[in-house]
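Heads up: the structure comes next, in structure tokens.
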Amino acid sequence: MMNQSVPSVRPKSSGALLDVDNLVVEYPVGPKIVHAVSGVSLQIARGETLGLVGESGCGKSTLGRAVLQLRRPTSGRVLFDGQDLTAMQGDALRLMRRRVQLIFQDPIASLNPRRTIGDIVAEPLVIAGVKDPDKRRELVYEVLSAVGLDPTIVVGRLPHEFSGGQCQRICIARALILNPEFVVCDEPVSALDVSIRAQILNLLEEMKVRFGLTLLFIAHDLAVVKAVSDRVAVMYLGRLCEVGPSEQLFARPAHPYTALLIEAIPVPDPDVRPTETVPTGEPPSPIAPPSGCRFRTRCPRADQRCSDEMPELRAVAPGQFVACHHPLI
Amino acid sequence: MTANTLLSIEDVVVDLPTPRGNLRAVDHVDLTVGAGRTLGVVGESGCGKTMLSRAVLQLLPKKAKLSGRVLFDGQDLLQHSPEKLRRLRGRSLAVVFQDPMTSLNPVLTIGTQLIETLQEHLELDDAAATRRSVELLAAVGIPAPEQRLAQYPHQLSGGMRQRVAIAIALSCEPKLLIADEPTTALDVTIQAQILDLLAREQARRHMAMILITHDLGVVAGRTDEVAVMYAGRVVERAPTPALFKKMRMPYTEALLAALPRLDTAPHTPLPAISGRPPDPTRPLPGCSFSPRCRYAVARCQAEKPALTDAESREHQFACFHPIEAHAGAGA
């Protein structure tokens, strides 16, 4: 049921719930401009999970926020269920926001420390105009039970009484209470311990089925992304390098950057000696990104063409697209 | 304690007074590290791994109570005067923390901080200390080291700052380096570079290392021995290959199983460990892992299992129903 893979990066049909078209986000830092997202296009089909991976500063969180219009994009369009969010203002946007939600990395910081869990989880209902307190209470109890918390115990308590994993359950409950269609999960498990991380990943998968969600799952950990995603998009310095079905992308990466990311993951097996990494340095600044392919300064395959010409995303295998002049496949 | 043992931690207990009562952060831990060897200490937040390293460094919070013995190079650190300890730290006992900004001074240049450390412990004049600083920065892979001396920490990326922190830690050729989650704050590509750097410098200098991490993947390829901690205690310790070949403690097994892996298909439910670690101010009478353990029986709740030998004295686990025994009973 989750394999409604999109046949092309830019399908002609309206099969996509979310259609991001040539999105650009730039913002000034003093006299300079940060090129956070530079022309990203992607689609997410209804019921699909798209994983978005990349290193810190690659623009993946900015992209997630720009999709939800929490940061207004500089240019480009974001079609949600056929409607352009970038053209919406005021009430229309507020109404639309009930259908889209966001879960953050730091669950403790995203809960108001002075309000009870019951109030925190009910707040979206208050904003949405659900006036009947009994109805609100019923919905709060229902969603808290769904995320594995006992509502009778937790509603009267404050966030500091809960662990990081429990706070993330509360954040998930708050995100789901308005029955959204689309949820952006921005590094939802990177602040959690290994044993708790697995619980929350399993919970997100359960909730996706139960609430019929479509997810944009942002993370820097490739194994975490693979565990939950139907397709994966790899981002580097504001641009997409590669998009493809999860299994295929990890089995046969086409972009040298995807391959580098996979190689760098420590494997919990002492027989697998860590490969002495190629001295590939660090990502350049998004204030002055390299010409042509932005990865070329760290790429073992780079040549003159890579600095002269920006590679466009093109198909290398069914469903797999790469932006590289010298792909691995 | 054998001839080439560099560090011996014996029956160390760390108690921290809190408003909720006493918190036993480290609960009767025994560990040794041989000269030039690497010990991985693995555990989740709150398991006591950082407090154990602070006990070795004698950098515990003021109110903490510490007992046991910490023998370093044959001397009991707990008997040292503060002045003697201060001379030891940074000289033969060095540390790298998770966040390099906590160990680097934001208002001093990289050069000042390196030269200060060198001159504090070694008798070097300014020219020699500067020369040595440039060599160290080059050794840890920092481009244009001469120019870096005049820069401040905020002018460097997270990975570069961690390289500087490592350069300072290595500056006086320590015998033991304690690396406390040195790559947790860094991206995966930078993590691999930093771990490679630590391994290379360690081999070159024949330095011992304690690598503290929550990631079993990090210890697998880069340590000689592993100690797994849970709720303040060592629950399993073994040479790294032996541990991954045959885990005995259910917690170690569960921790490894809960890791998402690249070789499993998407949407495969992860074998999560239910519940969470016990409240450290409310110690349990039995095995601390028993409330979350799928093999636990009545005895596990009533009685604390001691570390016992597996096939060899090098491999020990604290469990009444270790993995193999259980599999046998179920067959």
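In the structure tokens, chains take letters A, B, ... by order of appearance, with residues numbered from 1 within each chain and ligands from 1 in the order shown.
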Each residue of chain A with at least one atom at most 9 Å from chain B should appear once, together with its nearest atom pair and the corresponding distance in Å (one decimal); atoms considered: only C-alpha atoms; ordering: chain, then increasing residue number; output as a tab-separated table.
residue	atom	partner	partner_atom	distance
A:Gly54	CA	B:Asp187	CA	9.0
A:Glu55	CA	B:Asp187	CA	5.9
A:Ser56	CA	B:Asp187	CA	6.7
A:Ser163	CA	B:Arg276	CA	8.8
A:Gly165	CA	B:Arg276	CA	8.8
A:Leu192	CA	B:Ser45	CA	9.0
A:Asp193	CA	B:Glu44	CA	5.9
A:Val194	CA	B:Leu259	CA	6.5
A:Ser195	CA	B:Ile273	CA	5.4
A:Ile196	CA	B:Ile273	CA	7.2
A:Arg197	CA	B:Ala272	CA	8.0
A:Ala198	CA	B:Ala272	CA	4.9
A:Gln199	CA	B:Ala272	CA	5.3
A:Ile200	CA	B:Ala272	CA	8.9
A:Leu201	CA	B:Leu270	CA	7.8
A:Asn202	CA	B:Pro269	CA	5.9
A:Glu205	CA	B:His267	CA	7.3
A:His220	CA	B:Asp187	CA	7.5
A:Asp221	CA	B:Val188	CA	7.7
A:Leu222	CA	B:Leu262	CA	7.5
A:Ala223	CA	B:Leu262	CA	5.0
A:Val224	CA	B:Pro260	CA	5.7
A:Val225	CA	B:Pro266	CA	8.6
A:Lys226	CA	B:Pro266	CA	5.6
A:Ala227	CA	B:Pro266	CA	4.5
A:Val228	CA	B:His267	CA	5.2
A:Ser229	CA	B:Pro266	CA	6.1
A:Asp230	CA	B:Pro266	CA	6.8
A:Ser246	CA	B:Pro266	CA	7.2
A:Glu247	CA	B:Ala265	CA	6.9
A:Phe250	CA	B:Leu262	CA	7.5
A:Ala251	CA	B:Asp263	CA	8.9
A:Leu260	CA	B:Thr189	CA	7.4
A:Leu261	CA	B:Thr189	CA	6.3
A:Ile262	CA	B:Leu262	CA	8.7
A:Glu263	CA	B:Thr189	CA	8.5
A:Ala264	CA	B:Thr189	CA	5.4
A:Ile265	CA	B:Val188	CA	6.4
A:Pro266	CA	B:Gly217	CA	4.8
A:Val267	CA	B:Gly217	CA	4.8
A:Pro268	CA	B:Gly217	CA	3.7
A:Asp269	CA	B:Ala220	CA	5.4
A:Pro270	CA	B:Ala220	CA	4.5
A:Asp271	CA	B:Gly221	CA	7.3
A:Val272	CA	B:Gly221	CA	6.7
A:Arg273	CA	B:Gly221	CA	5.5
A:Pro274	CA	B:Gly221	CA	6.0
A:Thr275	CA	B:Ala192	CA	8.9
A:Glu276	CA	B:Asp196	CA	6.7
A:Thr277	CA	B:Gln193	CA	6.5
A:Val278	CA	B:Gln193	CA	8.5
A:Pro279	CA	B:Gln193	CA	7.6
A:Thr280	CA	B:Thr189	CA	8.6
A:Gly281	CA	B:Ile190	CA	7.9
A:Glu282	CA	B:Ile190	CA	7.4
Which parts of range 92-218 of chain A does DSSP call helix (DSSP H, G or I) when run on the backbone here, written out as a PyMOL selection string?
chain A and resi 92-97+117-127+133-146+151-154+159-161+164-176+194-211
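Taking CA of Ile210 in chain B and CA of Pro182 in chain B as the two end points, the separation is 10.9 Å.
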Counting only C-alpha atoms, what is within 7 Å of range 74-81 of chain A, bar same-chain residues fewer than 4 positions away, as a PyMOL selection string?
chain A and resi 17-26+67+85-86
For N, CA and C atoms, I'd like the residues from the last selection saved as a tab-separated table (two decimals), in the first residue's frame.
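File selection-v2.tsv, as written:
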chain	number	residue	atom	x	y	z
A	17	LEU	N	0.48	14.34	-4.06
A	17	LEU	CA	-0.21	15.18	-3.07
A	17	LEU	C	0.57	16.49	-2.94
A	18	LEU	N	1.90	16.35	-2.99
A	18	LEU	CA	2.75	17.53	-2.89
A	18	LEU	C	3.61	17.62	-4.14
A	19	ASP	N	3.61	18.79	-4.74
A	19	ASP	CA	4.41	19.00	-5.94
A	19	ASP	C	5.21	20.29	-5.76
A	20	VAL	N	6.49	20.13	-5.49
A	20	VAL	CA	7.38	21.28	-5.28
A	20	VAL	C	8.08	21.56	-6.59
A	21	ASP	N	7.94	22.78	-7.09
A	21	ASP	CA	8.46	23.09	-8.41
A	21	ASP	C	9.48	24.23	-8.35
A	22	ASN	N	10.73	23.88	-8.62
A	22	ASN	CA	11.81	24.86	-8.74
A	22	ASN	C	11.86	25.83	-7.55
A	23	LEU	N	11.85	25.28	-6.36
A	23	LEU	CA	11.81	26.10	-5.14
A	23	LEU	C	13.17	26.71	-4.84
A	24	VAL	N	13.16	28.01	-4.57
A	24	VAL	CA	14.39	28.73	-4.23
A	24	VAL	C	14.15	29.45	-2.91
A	25	VAL	N	15.09	29.27	-1.96
A	25	VAL	CA	15.04	30.04	-0.72
A	25	VAL	C	16.40	30.70	-0.52
A	26	GLU	N	16.40	32.01	-0.48
A	26	GLU	CA	17.63	32.76	-0.24
A	26	GLU	C	17.34	33.76	0.86
A	67	VAL	N	8.30	24.44	2.32
A	67	VAL	CA	7.15	23.67	1.81
A	67	VAL	C	5.89	24.04	2.60
A	85	LEU	N	0.43	26.80	-2.42
A	85	LEU	CA	0.55	27.37	-1.08
A	85	LEU	C	1.28	28.71	-1.10
A	86	THR	N	2.20	28.87	-2.07
A	86	THR	CA	3.00	30.11	-2.08
A	86	THR	C	2.13	31.31	-2.43
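Between Leu104 in chain B and the candidates B:Val234, B:Met209, B:Ala165, B:Leu85, the tightest atom-to-atom separation, counting only C-alpha atoms, involves B:Ala165.
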Nearest to Leu149 in chain B, chosen from B:Cys47, B:Val164, B:Leu7, B:Ala306, with only C-alpha atoms counted in the distances:
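The shortest atom-to-atom distance to Leu149 in chain B comes from B:Val164.
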